[in-house]
$ cat data01.tsv   # TSV, C-alpha atoms
chain	number	residue	atom	x	y	z
A	73	MET	CA	71.78	133.34	67.20
A	74	ASP	CA	75.20	134.37	65.96
A	75	GLN	CA	78.60	133.66	67.44
A	76	LYS	CA	78.78	137.01	69.26
A	77	GLU	CA	75.43	136.49	70.98
A	78	VAL	CA	76.38	132.98	72.06
A	79	PHE	CA	79.81	134.19	73.22
A	80	ASP	CA	78.22	136.91	75.36
A	81	ALA	CA	75.70	134.47	76.80
A	82	ILE	CA	78.44	131.95	77.61
A	83	ILE	CA	80.47	134.62	79.39
A	84	ALA	CA	77.39	135.62	81.40
A	85	ILE	CA	76.93	131.99	82.43
A	86	LEU	CA	80.61	131.56	83.32
A	87	LYS	CA	80.96	134.80	85.27
A	88	PRO	CA	79.59	133.66	88.66
A	89	PHE	CA	81.84	130.58	88.60
A	90	VAL	CA	85.10	132.27	87.60
A	91	LYS	CA	87.73	132.43	90.30
A	92	ASN	CA	90.30	134.40	88.33
A	93	ARG	CA	88.31	137.60	87.98
A	94	ASP	CA	91.22	139.40	86.30
A	95	ALA	CA	91.07	136.98	83.38
A	96	LEU	CA	87.51	138.07	82.63
A	97	ALA	CA	88.80	141.45	81.47
A	98	THR	CA	90.59	139.85	78.53
A	99	VAL	CA	88.37	136.84	77.99
A	100	ALA	CA	88.30	135.62	74.37
A	101	LEU	CA	87.35	132.53	72.38
A	102	GLU	CA	90.72	130.95	73.12
A	103	THR	CA	90.48	131.50	76.89
A	104	ALA	CA	90.67	128.16	78.71
A	105	ILE	CA	87.77	127.71	81.12
A	106	GLN	CA	89.61	125.73	83.79
A	107	LYS	CA	93.22	126.76	83.21
A	108	ASP	CA	92.75	130.50	82.65
A	109	LEU	CA	89.47	131.31	84.39
A	110	LYS	CA	90.15	128.84	87.25
A	111	VAL	CA	86.70	127.30	87.17
A	112	ASN	CA	86.74	124.14	89.28
A	113	SER	CA	85.35	120.79	88.25
A	114	ALA	CA	82.21	120.93	90.41
A	115	ARG	CA	81.25	124.24	88.87
A	116	LEU	CA	81.76	122.79	85.40
A	117	VAL	CA	78.72	120.62	86.03
A	118	ASP	CA	76.75	123.74	87.00
A	119	ILE	CA	77.91	125.45	83.83
A	120	VAL	CA	76.87	122.53	81.62
A	121	LEU	CA	73.40	122.54	83.21
A	122	GLU	CA	73.05	126.30	82.76
A	123	ILE	CA	74.10	126.07	79.12
A	124	GLU	CA	71.44	123.41	78.59
A	125	ASP	CA	68.80	125.63	80.20
A	126	ARG	CA	69.85	128.84	78.48
A	127	PHE	CA	70.02	127.41	74.95
A	128	GLY	CA	67.49	124.59	75.22
A	129	ILE	CA	70.00	121.95	74.20
A	130	GLU	CA	71.35	118.72	75.64
A	131	VAL	CA	75.08	118.62	76.32
A	132	LYS	CA	76.22	115.02	76.18
A	133	ASP	CA	78.98	113.87	78.53
A	134	GLU	CA	81.27	113.09	75.60
A	135	ASP	CA	80.78	116.60	74.18
A	136	ALA	CA	81.31	118.29	77.55
A	137	GLU	CA	84.62	116.44	77.90
A	138	LYS	CA	85.93	118.12	74.75
A	139	VAL	CA	85.19	121.67	75.89
A	140	ARG	CA	88.43	123.31	77.00
A	141	THR	CA	87.97	126.92	75.90
A	142	VAL	CA	85.20	129.49	75.69
A	143	GLY	CA	85.36	129.02	71.93
A	144	ASP	CA	84.78	125.27	72.31
A	145	ALA	CA	81.63	126.03	74.31
A	146	VAL	CA	80.44	128.53	71.70
A	147	THR	CA	81.01	126.02	68.90
A	148	LEU	CA	79.17	123.31	70.83
A	149	VAL	CA	76.17	125.56	71.44
A	150	LEU	CA	76.00	126.72	67.83
A	151	ARG	CA	76.15	123.13	66.60
A	152	GLU	CA	73.58	121.76	69.04
A	153	ALA	CA	71.23	124.74	68.69
A	154	THR	CA	71.16	124.12	64.94
A	155	HIS	CA	70.00	120.56	65.57
A	156	ALA	CA	67.52	121.44	68.32
B	216	MET	CA	101.05	102.12	83.87
B	217	ARG	CA	103.02	102.37	87.10
B	218	ASP	CA	103.86	99.02	88.71
B	219	SER	CA	103.73	100.46	92.22
B	220	GLY	CA	100.23	101.84	91.92
B	221	VAL	CA	98.54	105.15	91.29
B	222	VAL	CA	96.67	107.53	93.53
B	223	GLY	CA	94.11	110.29	92.99
B	224	ASN	CA	92.62	112.68	95.51
B	225	ASP	CA	90.03	115.43	95.65
B	226	VAL	CA	88.97	117.86	98.34
B	227	VAL	CA	85.70	119.79	98.51
B	228	ASP	CA	85.19	122.84	100.73
B	229	LEU	CA	81.81	122.22	102.35
B	230	THR	CA	81.68	125.75	103.75
B	231	ASP	CA	81.23	127.26	100.28
B	232	PRO	CA	77.65	128.57	100.36
B	233	ALA	CA	77.44	128.20	96.58
B	234	ILE	CA	77.38	124.41	96.87
B	235	ALA	CA	75.40	124.04	100.08
B	236	GLN	CA	72.12	123.12	98.41
B	237	HIS	CA	73.30	121.15	95.41
B	238	HIS	CA	72.14	117.91	97.03
B	239	ASN	CA	68.60	119.24	96.62
B	240	ARG	CA	69.08	119.99	92.92
B	241	GLU	CA	67.74	116.97	91.12
B	242	ARG	CA	69.41	117.72	87.79
B	243	PHE	CA	72.81	118.24	89.37
B	244	VAL	CA	72.55	115.06	91.40
B	245	SER	CA	71.33	113.12	88.36
B	246	ARG	CA	74.21	114.42	86.25
B	247	VAL	CA	76.77	113.35	88.83
B	248	CYS	CA	75.28	110.21	90.39
B	249	GLY	CA	73.93	106.94	89.05
B	250	VAL	CA	70.52	105.62	90.10
B	251	GLU	CA	71.80	103.64	93.10
B	252	GLU	CA	73.93	106.54	94.29
B	253	ARG	CA	71.09	109.04	94.04
B	254	ALA	CA	69.16	107.11	96.66
B	255	ARG	CA	72.05	107.70	99.08
B	256	VAL	CA	72.29	111.45	98.51
B	257	VAL	CA	70.39	113.07	101.34
B	258	THR	CA	72.82	115.65	102.71
B	259	ALA	CA	75.45	117.93	101.21
B	260	PHE	CA	78.10	115.61	102.62
B	261	ASP	CA	76.55	112.64	100.81
B	262	LEU	CA	76.70	114.43	97.47
B	263	TRP	CA	80.16	115.89	97.81
B	264	ALA	CA	81.65	112.69	99.19
B	265	HIS	CA	80.46	110.92	96.05
B	266	PHE	CA	81.63	113.78	93.86
B	267	ALA	CA	85.08	113.90	95.45
B	268	ALA	CA	85.39	110.11	95.14
B	269	LYS	CA	84.58	110.31	91.43
B	270	GLU	CA	87.00	113.17	90.84
B	271	ALA	CA	89.75	111.34	92.73
B	272	ALA	CA	89.02	108.19	90.72
B	273	TYR	CA	89.14	110.18	87.48
B	274	LYS	CA	92.66	111.34	88.31
B	275	ALA	CA	93.83	107.80	89.09
B	276	LEU	CA	92.14	106.31	86.03
B	277	VAL	CA	93.79	108.82	83.71
B	278	LYS	CA	97.17	107.82	85.12
B	279	LEU	CA	96.30	104.19	84.41
B	280	GLY	CA	95.82	105.14	80.78
B	281	PHE	CA	92.03	105.34	80.72
B	282	SER	CA	89.82	108.18	79.50
B	283	PRO	CA	86.74	108.29	81.74
B	284	GLY	CA	85.59	111.58	80.19
B	285	PHE	CA	83.14	114.05	81.69
B	286	ALA	CA	80.90	111.23	82.85
B	287	HIS	CA	80.64	111.27	86.61
B	288	ARG	CA	77.72	108.82	86.52
B	289	ASP	CA	79.90	106.15	84.94
B	290	ILE	CA	82.29	106.17	87.90
B	291	ARG	CA	80.37	104.27	90.56
B	292	VAL	CA	81.00	104.67	94.27
B	293	SER	CA	80.26	101.80	96.64
B	294	ALA	CA	77.67	102.34	99.35
B	295	ASP	CA	80.29	102.00	102.10
B	296	LEU	CA	82.55	104.60	100.40
B	297	ARG	CA	85.42	102.13	100.25
B	298	ALA	CA	85.62	101.37	96.53
B	299	VAL	CA	85.11	103.06	93.19
B	300	ARG	CA	84.38	101.20	89.98
B	301	TRP	CA	84.69	102.37	86.38
B	302	ARG	CA	83.77	99.70	83.85
B	303	GLU	CA	85.71	96.60	84.95
B	304	ASN	CA	88.28	98.59	86.93
B	305	GLU	CA	88.06	98.94	90.68
B	306	LEU	CA	89.97	101.33	92.89
B	307	GLU	CA	90.15	101.42	96.65
B	308	LEU	CA	88.63	104.48	98.29
B	309	SER	CA	88.87	106.32	101.56
B	310	VAL	CA	86.74	109.33	102.41
B	311	ALA	CA	87.67	111.53	105.35
B	312	PHE	CA	85.60	114.49	106.40
B	313	ASP	CA	84.50	116.93	109.01
B	314	GLU	CA	81.88	119.68	108.94
B	315	GLN	CA	84.15	121.87	106.81
B	316	CYS	CA	85.51	119.67	104.06
B	317	VAL	CA	85.47	116.22	102.53
B	318	HIS	CA	88.58	114.54	101.16
B	319	ALA	CA	88.48	111.47	98.95
B	320	VAL	CA	91.50	109.36	98.04
B	321	THR	CA	91.46	106.50	95.54
B	322	TRP	CA	94.29	104.15	94.74
B	323	SER	CA	94.92	101.07	92.69
B	324	ALA	CA	94.82	97.71	94.41
B	325	ARG	CA	98.00	96.21	95.85
B	326	SER	CA	99.59	99.64	96.11
B	327	PRO	CA	102.09	100.44	98.83
B	328	PRO	CA	100.60	102.45	101.71
B	329	VAL	CA	98.93	105.69	100.76
B	330	LEU	CA	99.93	108.95	102.39
B	331	ALA	CA	97.30	111.67	102.40
B	332	ARG	CA	96.65	114.97	104.12
B	333	VAL	CA	94.36	118.00	104.05
B	334	ALA	CA	95.24	121.48	105.28
B	335	ARG	CA	93.91	124.98	105.13
B	336	ALA	CA	95.36	126.86	102.19
B	337	ARG	CA	97.91	129.51	103.05
B	338	GLY	CA	98.52	131.80	100.11
B	339	GLU	CA	97.88	130.77	96.52
B	340	GLU	CA	96.11	127.38	96.48
B	341	GLY	CA	98.28	125.66	93.88
B	342	ALA	CA	101.47	126.58	95.68
B	343	ALA	CA	99.94	125.63	99.03
B	344	ALA	CA	98.95	122.20	97.73
B	345	ARG	CA	102.44	121.61	96.34
B	346	ALA	CA	103.99	122.66	99.64
B	347	LEU	CA	101.67	120.29	101.51
B	348	LEU	CA	102.69	117.42	99.22
B	349	CYS	CA	106.38	118.13	99.84
B	350	GLU	CA	105.79	118.15	103.61
B	351	LEU	CA	103.87	114.89	103.37
B	352	LEU	CA	106.56	113.19	101.30
B	353	ALA	CA	109.39	114.49	103.47
B	354	GLU	CA	107.74	112.93	106.50
B	355	GLY	CA	107.16	109.70	104.61
B	356	ILE	CA	110.60	109.20	103.07
B	357	GLY	CA	112.74	111.33	105.33
B	358	GLY	CA	114.71	114.43	104.50
B	359	SER	CA	113.64	118.00	104.11
B	360	ALA	CA	110.60	119.30	102.25
B	361	ASP	CA	112.83	122.11	100.98
B	362	GLU	CA	114.73	119.58	98.85
B	363	LEU	CA	111.57	118.49	97.06
B	364	LYS	CA	110.03	120.11	94.03
B	365	VAL	CA	106.69	119.33	92.38
B	366	VAL	CA	106.92	119.27	88.60
B	367	ARG	CA	104.27	118.94	85.90
B	368	ASP	CA	105.42	118.10	82.39
B	369	PRO	CA	103.68	119.53	79.31
B	370	VAL	CA	101.20	117.07	77.79
B	371	ALA	CA	99.28	117.90	74.61
B	372	GLY	CA	95.55	117.51	75.04
B	373	ALA	CA	95.55	117.65	78.84
B	374	TRP	CA	92.92	119.99	80.29
B	375	ASP	CA	95.53	122.58	81.23
B	376	GLY	CA	98.31	121.44	78.94
B	377	PHE	CA	100.17	119.55	81.66
B	378	GLY	CA	100.27	115.97	82.86
B	379	PRO	CA	99.95	114.66	86.44
B	380	PRO	CA	102.43	116.02	88.98
B	381	ARG	CA	105.66	114.28	89.89
B	382	VAL	CA	108.22	115.11	92.55
B	383	GLU	CA	111.94	115.69	92.19
B	384	ARG	CA	114.56	115.69	94.92
B	385	ARG	CA	117.68	117.59	94.00
B	386	GLY	CA	116.71	117.23	90.34
B	387	ALA	CA	116.03	113.48	90.36
B	388	THR	CA	112.49	112.16	90.14
B	389	ILE	CA	111.28	110.38	93.25
B	390	GLU	CA	109.66	106.99	92.62
B	391	ALA	CA	106.27	108.08	93.88
B	392	ASP	CA	102.84	108.63	92.45
B	393	VAL	CA	101.27	111.83	93.75
B	394	SER	CA	98.05	113.78	93.52
B	395	LEU	CA	97.13	117.36	94.36
B	396	SER	CA	93.78	119.03	94.96
B	397	HIS	CA	92.44	122.33	96.21
B	398	ASP	CA	89.02	123.82	96.68
B	399	GLY	CA	88.06	126.99	98.49
B	400	ARG	CA	89.92	127.22	101.76
B	401	PHE	CA	91.45	123.75	101.59
B	402	VAL	CA	94.33	122.03	99.89
B	403	ALA	CA	95.04	118.30	99.82
B	404	ALA	CA	97.76	115.93	98.75
B	405	ALA	CA	98.17	112.18	98.44
B	406	ALA	CA	101.11	109.96	97.55
B	407	ILE	CA	102.12	106.38	97.01
B	408	VAL	CA	105.84	105.93	97.45
B	409	GLY	CA	107.77	103.21	95.66
B	410	ASN	CA	109.01	100.31	97.77
B	411	GLU	CA	112.64	101.05	97.08
B	412	ILE	CA	112.25	104.26	99.04
B	413	GLY	CA	109.64	102.96	101.39
B	414	ARG	CA	109.57	100.87	104.52
B	415	LEU	CA	107.38	103.71	105.56
B	416	THR	CA	105.41	104.27	108.63
B	417	PRO	CA	102.19	104.98	106.78
B	418	LEU	CA	100.02	107.88	107.75
B	419	ARG	CA	96.78	105.95	107.80
B	420	LEU	CA	93.75	107.46	106.20
B	421	VAL	CA	90.80	107.85	108.45
B	422	PRO	CA	87.87	105.55	107.66
B	423	ALA	CA	84.77	107.05	106.19
B	424	ARG	CA	83.06	107.58	109.52
B	425	PRO	CA	83.31	108.91	112.20
B	426	ALA	CA	84.99	112.30	111.96
B	427	PRO	CA	88.71	112.26	111.13
B	428	THR	CA	91.64	113.27	113.24
B	429	TRP	CA	92.93	115.67	110.60
B	430	ALA	CA	90.13	118.12	111.26
B	431	HIS	CA	91.39	121.67	111.71

$ encode --input "data01.tsv" --output "structure tokens"
Amino acid sequence: MDQKEVFDAIIAILKPFVKNRDALATVALETAIQKDLKVNSARLVDIVLEIEDRFGIEVKDEDAEKVRTVGDAVTLVLREATHA
Amino acid sequence: MRDSGVVGNDVVDLTDPAIAQHHNRERFVSRVCGVEERARVVTAFDLWAHFAAKEAAYKALVKLGFSPGFAHRDIRVSADLRAVRWRENELELSVAFDEQCVHAVTWSARSPPVLARVARARGEEGAAARALLCELLAEGIGGSADELKVVRDPVAGAWDGFGPPRVERRGATIEADVSLSHDGRFVAAAAIVGNEIGRLTPLRLVPARPAPTWAH
């Protein structure tokens, strides 16, 4: 899986939880998941679980804490998928 | 660390259909709750009361200089919903609720009285929560809410680039620790006001059960 495929998959996962729909039009690696997309904290747990299911990886609490942007999520998935 | 105590609060809109069945999702509950807590999670209220308590505690713990991380399980809620513990640190807790929302407030021990309130959001949620906090503080310390302004200072590394909110009156920071929250149709605010301003008539939080008087 390359970065573009993971990026697209992450956006598909995020989409139902995004409150700022306008921000989706310009979403990029540097887009902040909570600040820009207005995803709330409860939905972050949903997103972590969906990422685990979609990519067959485990997202540790300490790794989830570091994810601020879409790019952070992509990097995390690429790293963990390599080890899976 | 503030000498006069810190406060954190979190509101959850229970009418959001997207979260109505999360209490039946084993993986979600297991990610959020520890073993003892899971046994208590039977209804949506049970789950979201615990979740809100943990989120409120997270906000207070960060202000105390801790880094709880994205580890809801590590923040433990007491069975009576009156205390939250993270490692060796304990915070007091109050959970108020009705059929539409649940509001959790945590604060450090020996704090001055806590002011807290929930309201339906009117307009943009962030602005509505800030307006609610100003109303709450104006009632607590006197004066007009129009004189108060909620400010967040830039902080590198914070989730949105800003630190916890503080309140200014005519440009001077009020000696108060404050917390904002919004979810769905609801906004919430909580505050601990320094003693030099205080001698307050506290707006008492409603105990965990039965239903609160702030219901709308």

$ interface_residues --input "data01.tsv" --of "chain B" --to "chain A" --cutoff "10 Å" --atoms "all atoms listed in the file" --output "list in words"
Val227, Ala233, Ile234, His237, Arg242, Phe243, Val244, Arg246, Val247, Trp263, Phe266, Ala267, Glu270, Ser282, Pro283, Gly284, Phe285, Ala286, His287, Arg288, Gly372, Ala373, Trp374, Asp375, Gly376, His397, Asp398 and Gly399 of chain B

$ atom_distance --input "data01.tsv" --atom1 "atom CA of B:Gly341" --atom2 "atom CA of B:Leu308"
23.7 Å

$ closest_residue --input "data01.tsv" --among "A:Glu124, A:Asp94, A:Ala145, A:Lys110" --to "A:Ile82" --atoms "only C-alpha atoms"
A:Ala145

$ residues_around --input "data01.tsv" --residues "B:Phe401" --least-positions-apart "3" --cutoff "8 Å" --atoms "only C-alpha atoms" --output "PyMOL selection string"
chain B and resi 226-228+316+333-336+340+397-398

$ closest_residue --input "data01.tsv" --among "A:Glu122, A:Glu102, A:Asp74, A:Asp80" --to "A:Asp144" --atoms "only C-alpha atoms"
A:Glu102

$ atom_distance --input "data01.tsv" --atom1 "atom CA of A:Thr154" --atom2 "atom CA of A:Val131"
13.2 Å

$ atom_distance --input "data01.tsv" --atom1 "atom CA of B:Gln315" --atom2 "atom CA of B:Lys274"
22.9 Å

$ residues_around --input "data01.tsv" --residues "B:Gly378" --least-positions-apart "2" --cutoff "6 Å" --atoms "all atoms listed in the file" --output "ChimeraX atom specification"
/B:367-368,370

$ closest_residue --input "data01.tsv" --among "A:Val78, A:Ile129, A:Leu150, A:Ile83" --to "A:Thr103" --atoms "only C-alpha atoms"
A:Ile83

$ residues_around --input "data01.tsv" --residues "A:Lys76" --least-positions-apart "5" --cutoff "12 Å" --atoms "only C-alpha atoms" --output "ChimeraX atom specification"
/A:81-83,100-101,142-143,146-147,149-150

$ build_atoms --input "data01.tsv" --residues "stretch 314-325 of chain B" --atoms "all heavy atoms" --output "compact mmCIF listing (two decimals), in the frame of the given file"
# COMPACT_ATOMS: atom_id res chain seq x y z
N GLU B 314 82.98 118.80 109.35
CA GLU B 314 81.88 119.68 108.94
C GLU B 314 82.33 120.73 107.91
O GLU B 314 81.50 121.40 107.30
CB GLU B 314 81.24 120.37 110.15
CG GLU B 314 82.08 121.43 110.82
CD GLU B 314 83.17 120.86 111.74
OE1 GLU B 314 83.29 119.61 111.85
OE2 GLU B 314 83.90 121.67 112.34
N GLN B 315 83.64 120.82 107.69
CA GLN B 315 84.15 121.87 106.81
C GLN B 315 84.59 121.38 105.43
O GLN B 315 84.54 122.14 104.47
CB GLN B 315 85.30 122.61 107.47
CG GLN B 315 84.89 123.30 108.75
CD GLN B 315 86.01 124.14 109.30
OE1 GLN B 315 86.47 125.07 108.64
NE2 GLN B 315 86.47 123.82 110.48
N CYS B 316 85.06 120.15 105.36
CA CYS B 316 85.51 119.67 104.06
C CYS B 316 85.43 118.15 103.99
O CYS B 316 85.32 117.48 105.01
CB CYS B 316 86.94 120.12 103.74
SG CYS B 316 88.21 119.34 104.72
N VAL B 317 85.43 117.66 102.77
CA VAL B 317 85.47 116.22 102.53
C VAL B 317 86.64 115.94 101.60
O VAL B 317 86.89 116.68 100.65
CB VAL B 317 84.12 115.71 101.95
CG1 VAL B 317 83.76 116.42 100.67
CG2 VAL B 317 84.16 114.21 101.72
N HIS B 318 87.38 114.88 101.91
CA HIS B 318 88.58 114.54 101.16
C HIS B 318 88.51 113.08 100.76
O HIS B 318 88.40 112.20 101.61
CB HIS B 318 89.82 114.78 102.04
CG HIS B 318 91.12 114.49 101.34
ND1 HIS B 318 92.21 113.98 101.99
CD2 HIS B 318 91.50 114.64 100.05
CE1 HIS B 318 93.22 113.85 101.13
NE2 HIS B 318 92.80 114.24 99.95
N ALA B 319 88.53 112.84 99.46
CA ALA B 319 88.48 111.47 98.95
C ALA B 319 89.82 111.10 98.34
O ALA B 319 90.45 111.91 97.66
CB ALA B 319 87.39 111.34 97.89
N VAL B 320 90.25 109.88 98.61
CA VAL B 320 91.50 109.36 98.04
C VAL B 320 91.20 108.00 97.43
O VAL B 320 90.58 107.14 98.07
CB VAL B 320 92.60 109.21 99.12
CG1 VAL B 320 93.90 108.74 98.48
CG2 VAL B 320 92.82 110.52 99.86
N THR B 321 91.60 107.80 96.18
CA THR B 321 91.46 106.50 95.54
C THR B 321 92.84 106.01 95.14
O THR B 321 93.72 106.81 94.82
CB THR B 321 90.58 106.58 94.27
OG1 THR B 321 91.18 107.45 93.33
CG2 THR B 321 89.18 107.04 94.60
N TRP B 322 93.00 104.70 95.14
CA TRP B 322 94.29 104.15 94.74
C TRP B 322 94.08 102.76 94.17
O TRP B 322 93.10 102.09 94.46
CB TRP B 322 95.28 104.13 95.91
CG TRP B 322 94.88 103.28 97.07
CD1 TRP B 322 95.26 102.00 97.32
CD2 TRP B 322 94.02 103.66 98.16
NE1 TRP B 322 94.70 101.55 98.50
CE2 TRP B 322 93.93 102.55 99.03
CE3 TRP B 322 93.31 104.82 98.47
CZ2 TRP B 322 93.17 102.57 100.19
CZ3 TRP B 322 92.54 104.83 99.63
CH2 TRP B 322 92.48 103.72 100.48
N SER B 323 95.03 102.37 93.33
CA SER B 323 94.92 101.07 92.69
C SER B 323 95.26 99.97 93.69
O SER B 323 96.06 100.16 94.62
CB SER B 323 95.84 101.01 91.47
OG SER B 323 97.14 101.45 91.80
N ALA B 324 94.65 98.84 93.48
CA ALA B 324 94.82 97.71 94.41
C ALA B 324 96.28 97.28 94.48
O ALA B 324 97.05 97.47 93.54
CB ALA B 324 93.96 96.54 93.94
N ARG B 325 96.66 96.72 95.59
CA ARG B 325 98.00 96.21 95.85
C ARG B 325 99.06 97.32 95.81
O ARG B 325 100.22 97.09 95.55
CB ARG B 325 98.36 95.10 94.85
CG ARG B 325 97.49 93.86 94.99
CD ARG B 325 97.90 92.78 94.02
NE ARG B 325 97.73 93.20 92.64
CZ ARG B 325 96.55 93.21 92.01
NH1 ARG B 325 95.46 92.85 92.65
NH2 ARG B 325 96.49 93.60 90.75
